[in-house]
$ cat upload.csv   # CSV, C-alpha atoms
chain,number,residue,atom,x,y,z
A,1,MET,CA,6.0,-6.4,-14.2
A,2,THR,CA,4.0,-3.2,-14.6
A,3,TRP,CA,5.5,0.1,-13.8
A,4,THR,CA,2.2,1.6,-12.7
A,5,CYS,CA,-0.6,1.4,-10.1
A,6,ASP,CA,-4.1,1.6,-11.5
A,7,THR,CA,-6.3,3.6,-9.1
A,8,PRO,CA,-7.9,7.0,-9.5
A,9,SER,CA,-5.3,8.5,-7.1
A,10,ALA,CA,-2.4,6.9,-8.9
A,11,ARG,CA,-3.6,8.1,-12.3
A,12,ALA,CA,-4.0,11.6,-10.9
A,13,ALA,CA,-0.4,11.5,-9.5
A,14,LEU,CA,0.9,10.3,-12.9
A,15,GLU,CA,-1.1,13.1,-14.6
A,16,ILE,CA,0.3,15.8,-12.3
A,17,ALA,CA,3.9,14.4,-12.5
A,18,THR,CA,3.6,14.3,-16.3
A,19,GLU,CA,2.4,17.8,-16.5
A,20,TYR,CA,5.1,19.3,-14.3
A,21,ALA,CA,8.2,17.2,-14.6
A,22,ASP,CA,10.3,16.9,-17.7
A,23,THR,CA,10.9,13.5,-19.3
A,24,ALA,CA,14.1,12.8,-17.4
A,25,LEU,CA,12.6,13.6,-14.0
A,26,LEU,CA,9.3,11.8,-14.7
A,27,ASN,CA,11.1,8.7,-15.9
A,28,HIS,CA,13.2,8.8,-12.7
A,29,SER,CA,10.1,8.9,-10.6
A,30,VAL,CA,8.6,5.9,-12.4
A,31,ARG,CA,11.9,4.0,-12.2
A,32,SER,CA,12.2,4.8,-8.5
A,33,TYR,CA,8.7,3.2,-8.0
A,34,ALA,CA,9.6,0.2,-10.1
A,35,PHE,CA,12.9,-0.5,-8.3
A,36,GLY,CA,11.2,-0.1,-4.9
A,37,ALA,CA,8.3,-2.4,-5.9
A,38,ARG,CA,10.6,-5.0,-7.4
A,39,TYR,CA,12.8,-4.9,-4.2
A,40,ALA,CA,9.6,-5.4,-2.2
A,41,ALA,CA,8.6,-8.4,-4.3
A,42,ASP,CA,12.1,-9.9,-4.1
A,43,HIS,CA,12.3,-9.5,-0.3
A,44,GLY,CA,8.7,-10.4,0.6
A,45,LEU,CA,7.8,-7.0,1.8
A,46,GLU,CA,4.1,-6.0,2.0
A,47,TYR,CA,3.3,-2.3,1.4
A,48,ASP,CA,0.5,0.0,0.4
A,49,GLN,CA,1.0,0.1,-3.4
A,50,GLU,CA,-1.1,3.2,-4.0
A,51,LEU,CA,0.5,5.2,-1.3
A,52,PHE,CA,4.0,4.2,-2.4
A,53,TYR,CA,3.2,4.9,-6.1
A,54,VAL,CA,1.7,8.4,-5.4
A,55,ALA,CA,4.7,9.3,-3.2
A,56,ALA,CA,7.2,8.0,-5.8
A,57,LEU,CA,5.6,9.9,-8.6
A,58,LEU,CA,5.5,13.2,-6.7
A,59,HIS,CA,8.7,12.9,-4.7
A,60,ASP,CA,10.8,15.3,-6.8
A,61,LEU,CA,8.2,17.9,-7.9
A,62,GLY,CA,9.8,20.3,-5.4
A,63,LEU,CA,12.7,20.4,-7.8
A,64,THR,CA,10.5,21.8,-10.6
A,65,ALA,CA,10.1,25.6,-11.1
A,66,PRO,CA,6.4,25.8,-10.2
A,67,PHE,CA,6.9,24.0,-6.8
A,68,ASP,CA,10.5,25.0,-5.9
A,69,SER,CA,10.3,26.8,-2.5
A,70,HIS,CA,12.8,29.5,-1.8
A,71,THR,CA,12.9,28.5,1.9
A,72,LEU,CA,11.9,24.8,2.1
A,73,PRO,CA,14.1,21.8,1.1
A,74,PHE,CA,12.8,20.3,-2.2
A,75,GLU,CA,11.6,17.1,-0.5
A,76,GLU,CA,9.5,19.2,2.0
A,77,ALA,CA,8.0,21.2,-0.9
A,78,GLY,CA,7.2,18.0,-2.7
A,79,GLY,CA,5.6,16.6,0.4
A,80,HIS,CA,3.3,19.6,0.5
A,81,VAL,CA,2.4,19.0,-3.2
A,82,ALA,CA,1.4,15.5,-2.2
A,83,ARG,CA,-0.7,16.7,0.7
A,84,VAL,CA,-2.6,19.2,-1.6
A,85,LEU,CA,-3.1,16.7,-4.4
A,86,THR,CA,-4.3,13.9,-2.1
A,87,ALA,CA,-6.6,16.3,-0.2
A,88,GLY,CA,-8.3,17.0,-3.5
A,89,LEU,CA,-8.6,13.3,-4.1
A,90,GLY,CA,-10.4,12.9,-0.8
A,91,TRP,CA,-7.6,11.1,1.2
A,92,PRO,CA,-8.1,11.4,5.0
A,93,ALA,CA,-5.6,13.6,6.9
A,94,ASP,CA,-3.5,10.7,8.2
A,95,ARG,CA,-3.0,9.2,4.7
A,96,ARG,CA,-2.1,12.6,3.3
A,97,ALA,CA,0.5,13.0,6.1
A,98,ARG,CA,1.9,9.6,5.2
A,99,ALA,CA,2.4,10.6,1.6
A,100,ASP,CA,4.2,13.7,2.8
A,101,GLU,CA,6.3,11.8,5.3
A,102,ILE,CA,7.5,9.2,2.7
A,103,ILE,CA,8.6,12.0,0.4
A,104,VAL,CA,10.5,13.9,3.1
A,105,LEU,CA,12.1,10.7,4.5
A,106,HIS,CA,13.6,9.7,1.1
A,107,MET,CA,16.3,12.4,1.7
A,108,ARG,CA,16.9,11.5,5.4
A,109,ASP,CA,18.9,8.7,7.1
A,110,ASP,CA,18.1,5.2,6.2
A,111,VAL,CA,14.6,4.1,7.2
A,112,ASP,CA,14.3,0.4,8.2
A,113,ALA,CA,11.6,-1.5,6.3
A,114,ALA,CA,10.2,-2.9,9.6
A,115,GLU,CA,9.6,0.7,10.8
A,116,ASP,CA,8.2,2.2,7.6
A,117,VAL,CA,8.2,0.0,4.5
A,118,GLU,CA,7.0,2.7,2.0
A,119,SER,CA,9.7,5.1,3.0
A,120,HIS,CA,12.3,2.4,2.9
A,121,LEU,CA,11.1,1.4,-0.6
A,122,LEU,CA,11.4,5.0,-1.8
A,123,GLN,CA,14.9,5.2,-0.4
A,124,VAL,CA,15.8,2.0,-2.2
A,125,GLY,CA,14.2,3.0,-5.4
A,126,THR,CA,15.7,6.5,-5.6
A,127,SER,CA,19.1,5.3,-4.5
A,128,ALA,CA,19.2,2.7,-7.2
A,129,ASP,CA,18.1,5.1,-9.9
A,130,VAL,CA,20.2,8.1,-8.8
A,131,SER,CA,23.5,6.5,-8.0
A,132,GLY,CA,23.2,2.8,-8.8
A,133,LEU,CA,23.1,1.6,-5.2
A,134,ARG,CA,22.0,-2.0,-5.1
A,135,VAL,CA,21.4,-2.1,-8.9
A,136,ALA,CA,23.5,-5.3,-9.1
A,137,GLU,CA,20.9,-7.0,-6.8
A,138,PHE,CA,18.1,-6.6,-9.5
A,139,ASP,CA,17.7,-9.1,-12.3
A,140,PRO,CA,19.5,-7.6,-15.3
A,141,SER,CA,16.5,-8.4,-17.6
A,142,PHE,CA,14.2,-6.4,-15.2
A,143,THR,CA,16.6,-3.5,-15.3
A,144,ALA,CA,16.9,-3.6,-19.1
A,145,ARG,CA,13.2,-3.7,-19.6
A,146,LEU,CA,12.7,-0.8,-17.1
A,147,LEU,CA,15.3,1.4,-18.9
A,148,ASP,CA,13.8,0.5,-22.2
A,149,ALA,CA,10.3,1.5,-21.1
A,150,HIS,CA,11.5,4.6,-19.2
A,151,PRO,CA,14.9,5.8,-20.6
A,152,ARG,CA,17.4,7.8,-18.5
A,153,ALA,CA,17.1,10.8,-21.0
A,154,GLY,CA,20.1,12.6,-19.5
A,155,PHE,CA,18.8,12.2,-15.9
A,156,GLY,CA,22.2,12.0,-14.2
A,157,PRO,CA,23.6,15.4,-15.2
A,158,LEU,CA,20.1,17.0,-14.8
A,159,PHE,CA,19.7,15.7,-11.3
A,160,THR,CA,23.2,16.7,-10.3
A,161,ALA,CA,22.5,20.3,-11.5
A,162,LEU,CA,19.2,20.4,-9.7
A,163,VAL,CA,20.6,19.2,-6.3
A,164,GLU,CA,23.7,21.4,-6.6
A,165,ASP,CA,21.3,24.4,-7.2
A,166,GLN,CA,19.3,23.4,-4.1
A,167,ALA,CA,22.6,23.1,-2.1
A,168,ARG,CA,23.7,26.6,-3.2
A,169,ARG,CA,20.4,28.3,-2.4
A,170,LYS,CA,19.6,26.3,0.8
A,171,PRO,CA,22.9,25.5,2.5
A,172,ASP,CA,21.2,23.8,5.5
A,173,CYS,CA,19.1,21.4,3.5
A,174,ALA,CA,19.6,17.6,3.0
A,175,ALA,CA,20.6,18.2,-0.6
A,176,ALA,CA,23.5,20.4,0.5
A,177,ALA,CA,24.8,17.6,2.7
A,178,TYR,CA,24.3,15.1,-0.1
A,179,VAL,CA,26.2,17.3,-2.5
A,180,ALA,CA,29.0,17.9,0.0
A,181,GLY,CA,29.2,14.1,0.5
A,182,GLY,CA,30.2,13.5,-3.1
A,183,ALA,CA,26.9,13.2,-4.8
A,184,ALA,CA,28.2,14.3,-8.2
A,185,GLY,CA,30.8,11.5,-8.3
A,186,ARG,CA,28.3,8.8,-7.3
A,187,ILE,CA,25.7,10.0,-9.8
A,188,SER,CA,28.2,10.1,-12.7
A,189,ALA,CA,29.5,6.6,-11.8
A,190,ASN,CA,26.0,5.1,-11.9
A,191,PRO,CA,26.2,1.8,-13.9
A,192,LEU,CA,22.7,2.6,-15.3
A,193,ASP,CA,24.4,5.2,-17.4
A,194,ALA,CA,27.2,3.0,-18.7

$ encode --input "upload.csv" --output "structure tokens"
Amino acid sequence: MTWTCDTPSARAALEIATEYADTALLNHSVRSYAFGARYAADHGLEYDQELFYVAALLHDLGLTAPFDSHTLPFEEAGGHVARVLTAGLGWPADRRARADEIIVLHMRDDVDAAEDVESHLLQVGTSADVSGLRVAEFDPSFTARLLDAHPRAGFGPLFTALVEDQARRKPDCAAAAYVAGGAAGRISANPLDA
């Protein structure tokens, strides 16, 4: 299985993510896409590959210094990054809005695949990679190949620090609720880091 999508928009998203995210955050974004795409394949879910890939690659750019908003939750800031990039790529307004929506919804309550498959896949992919949720459902050889191609590179402690910082500065954001709900413990117990 490939960990990429090969379209001009997908390549642009990878280029931007590579430029602004460090290795740990970039690899997390790729792994989130790969886990979501694998989950879709395993469950017979049809989805827009390019849309999902672009959203996955850009979903955490709101955590990086250049795009961290002092007022907006990081997922909303990341959604705006996606809107701007995809506008430059010539995406129509409704498709730009969908990329934004997918990124925002990855930090919200569970989205059912029947209602919004791409948002569901990003939730599955990020949850698997951040805290190990559903990791046991994936073929161990798939997971091993993915981690070999895109190593963790200290992602768990880095992500914990990033969301804790968001929670301190933006106490009403989804990251604050996530932290208050025991995120640090779940992240540190992720079997991907064992």

$ closest_residue --input "upload.csv" --among "A:Glu115, A:Asp42, A:Asp22, A:Asp6" --to "Glu137 of chain A" --atoms "all atoms listed in the file"
A:Asp42

$ residues_around --input "upload.csv" --residues "Arg108 of chain A" --least-positions-apart "4" --cutoff "12 Å" --atoms "all atoms listed in the file" --output "number ranges by chain"
A: 73, 75-76, 101-104, 112, 119-120, 122-123, 127, 173-175, 177-178

$ closest_residue --input "upload.csv" --among "A:Asp100, A:Glu46, A:Asp172, A:Asp110" --to "Asp60 of chain A" --atoms "all atoms listed in the file"
A:Asp100

$ residues_around --input "upload.csv" --residues "segment 143-153 of chain A" --least-positions-apart "6" --cutoff "7 Å" --atoms "only C-alpha atoms" --output "list in words"
Thr23, Ala24, Asn27 and Arg31 of chain A

$ residues_around --input "upload.csv" --residues "segment 158-160 of chain A" --least-positions-apart "3" --cutoff "9 Å" --atoms "all atoms listed in the file" --output "number ranges by chain"
A: 24-25, 130, 154-155, 163-165, 179, 183-184, 187-188

$ atom_distance --input "upload.csv" --atom1 "atom CA of Glu50 of chain A" --atom2 "atom CA of Cys5 of chain A"
6.4 Å

$ closest_residue --input "upload.csv" --among "A:Thr86, A:Ser69, A:Thr64, A:Thr18" --to "Leu51 of chain A" --atoms "all atoms listed in the file"
A:Thr86

$ closest_residue --input "upload.csv" --among "A:Ala34, A:Ala113, A:Leu26, A:Leu72" --to "Leu58 of chain A" --atoms "all atoms listed in the file"
A:Leu26

$ atom_distance --input "upload.csv" --atom1 "atom CA of Phe52 of chain A" --atom2 "atom CA of Gly132 of chain A"
20.3 Å

$ build_atoms --input "upload.csv" --residues "segment 124-147 of chain A" --atoms "N, CA, C and O atoms" --output "CSV table (one decimal), keeping the file's coordinate frame"
chain,number,residue,atom,x,y,z
A,124,VAL,N,15.2,3.0,-1.3
A,124,VAL,CA,15.8,2.0,-2.2
A,124,VAL,C,15.7,2.3,-3.6
A,124,VAL,O,16.7,2.3,-4.4
A,125,GLY,N,14.5,2.7,-4.0
A,125,GLY,CA,14.2,3.0,-5.4
A,125,GLY,C,15.0,4.2,-5.9
A,125,GLY,O,15.6,4.2,-7.0
A,126,THR,N,15.0,5.3,-5.1
A,126,THR,CA,15.7,6.5,-5.6
A,126,THR,C,17.2,6.3,-5.6
A,126,THR,O,17.9,6.7,-6.5
A,127,SER,N,17.7,5.6,-4.6
A,127,SER,CA,19.1,5.3,-4.5
A,127,SER,C,19.6,4.5,-5.7
A,127,SER,O,20.7,4.7,-6.2
A,128,ALA,N,18.8,3.5,-6.0
A,128,ALA,CA,19.2,2.7,-7.2
A,128,ALA,C,19.2,3.5,-8.4
A,128,ALA,O,20.2,3.4,-9.2
A,129,ASP,N,18.2,4.3,-8.6
A,129,ASP,CA,18.1,5.1,-9.9
A,129,ASP,C,19.1,6.3,-9.9
A,129,ASP,O,19.6,6.5,-11.0
A,130,VAL,N,19.3,6.9,-8.8
A,130,VAL,CA,20.2,8.1,-8.8
A,130,VAL,C,21.7,7.7,-8.9
A,130,VAL,O,22.4,8.3,-9.7
A,131,SER,N,22.1,6.8,-8.0
A,131,SER,CA,23.5,6.5,-8.0
A,131,SER,C,23.9,5.0,-8.2
A,131,SER,O,25.0,4.7,-8.1
A,132,GLY,N,22.9,4.2,-8.5
A,132,GLY,CA,23.2,2.8,-8.8
A,132,GLY,C,23.3,1.9,-7.6
A,132,GLY,O,23.7,0.8,-7.7
A,133,LEU,N,23.0,2.4,-6.4
A,133,LEU,CA,23.1,1.6,-5.2
A,133,LEU,C,22.2,0.4,-5.3
A,133,LEU,O,21.0,0.6,-5.6
A,134,ARG,N,22.7,-0.8,-5.1
A,134,ARG,CA,22.0,-2.0,-5.1
A,134,ARG,C,21.5,-2.5,-6.5
A,134,ARG,O,20.8,-3.4,-6.6
A,135,VAL,N,21.9,-1.8,-7.6
A,135,VAL,CA,21.4,-2.1,-8.9
A,135,VAL,C,21.8,-3.5,-9.3
A,135,VAL,O,21.1,-4.3,-9.9
A,136,ALA,N,23.0,-4.0,-8.8
A,136,ALA,CA,23.5,-5.3,-9.1
A,136,ALA,C,22.6,-6.4,-8.5
A,136,ALA,O,22.6,-7.5,-8.9
A,137,GLU,N,21.8,-6.0,-7.5
A,137,GLU,CA,20.9,-7.0,-6.8
A,137,GLU,C,19.6,-7.3,-7.7
A,137,GLU,O,18.9,-8.3,-7.4
A,138,PHE,N,19.3,-6.4,-8.7
A,138,PHE,CA,18.1,-6.6,-9.5
A,138,PHE,C,18.5,-7.5,-10.7
A,138,PHE,O,19.6,-7.4,-11.2
A,139,ASP,N,17.5,-8.3,-11.1
A,139,ASP,CA,17.7,-9.1,-12.3
A,139,ASP,C,18.0,-8.2,-13.5
A,139,ASP,O,17.3,-7.2,-13.7
A,140,PRO,N,19.1,-8.5,-14.2
A,140,PRO,CA,19.5,-7.6,-15.3
A,140,PRO,C,18.4,-7.5,-16.4
A,140,PRO,O,18.3,-6.4,-17.0
A,141,SER,N,17.6,-8.5,-16.6
A,141,SER,CA,16.5,-8.4,-17.6
A,141,SER,C,15.4,-7.4,-17.1
A,141,SER,O,14.8,-6.7,-17.9
A,142,PHE,N,15.2,-7.4,-15.8
A,142,PHE,CA,14.2,-6.4,-15.2
A,142,PHE,C,14.7,-5.0,-15.5
A,142,PHE,O,14.0,-4.2,-15.9
A,143,THR,N,16.0,-4.8,-15.1
A,143,THR,CA,16.6,-3.5,-15.3
A,143,THR,C,16.6,-3.0,-16.7
A,143,THR,O,16.2,-1.9,-17.0
A,144,ALA,N,16.9,-3.9,-17.6
A,144,ALA,CA,16.9,-3.6,-19.1
A,144,ALA,C,15.5,-3.2,-19.6
A,144,ALA,O,15.4,-2.2,-20.3
A,145,ARG,N,14.5,-4.0,-19.2
A,145,ARG,CA,13.2,-3.7,-19.6
A,145,ARG,C,12.7,-2.3,-19.0
A,145,ARG,O,12.0,-1.5,-19.7
A,146,LEU,N,13.1,-2.1,-17.8
A,146,LEU,CA,12.7,-0.8,-17.1
A,146,LEU,C,13.3,0.4,-17.9
A,146,LEU,O,12.7,1.4,-18.2
A,147,LEU,N,14.6,0.3,-18.2
A,147,LEU,CA,15.3,1.4,-18.9
A,147,LEU,C,14.8,1.5,-20.3
A,147,LEU,O,14.8,2.6,-20.8
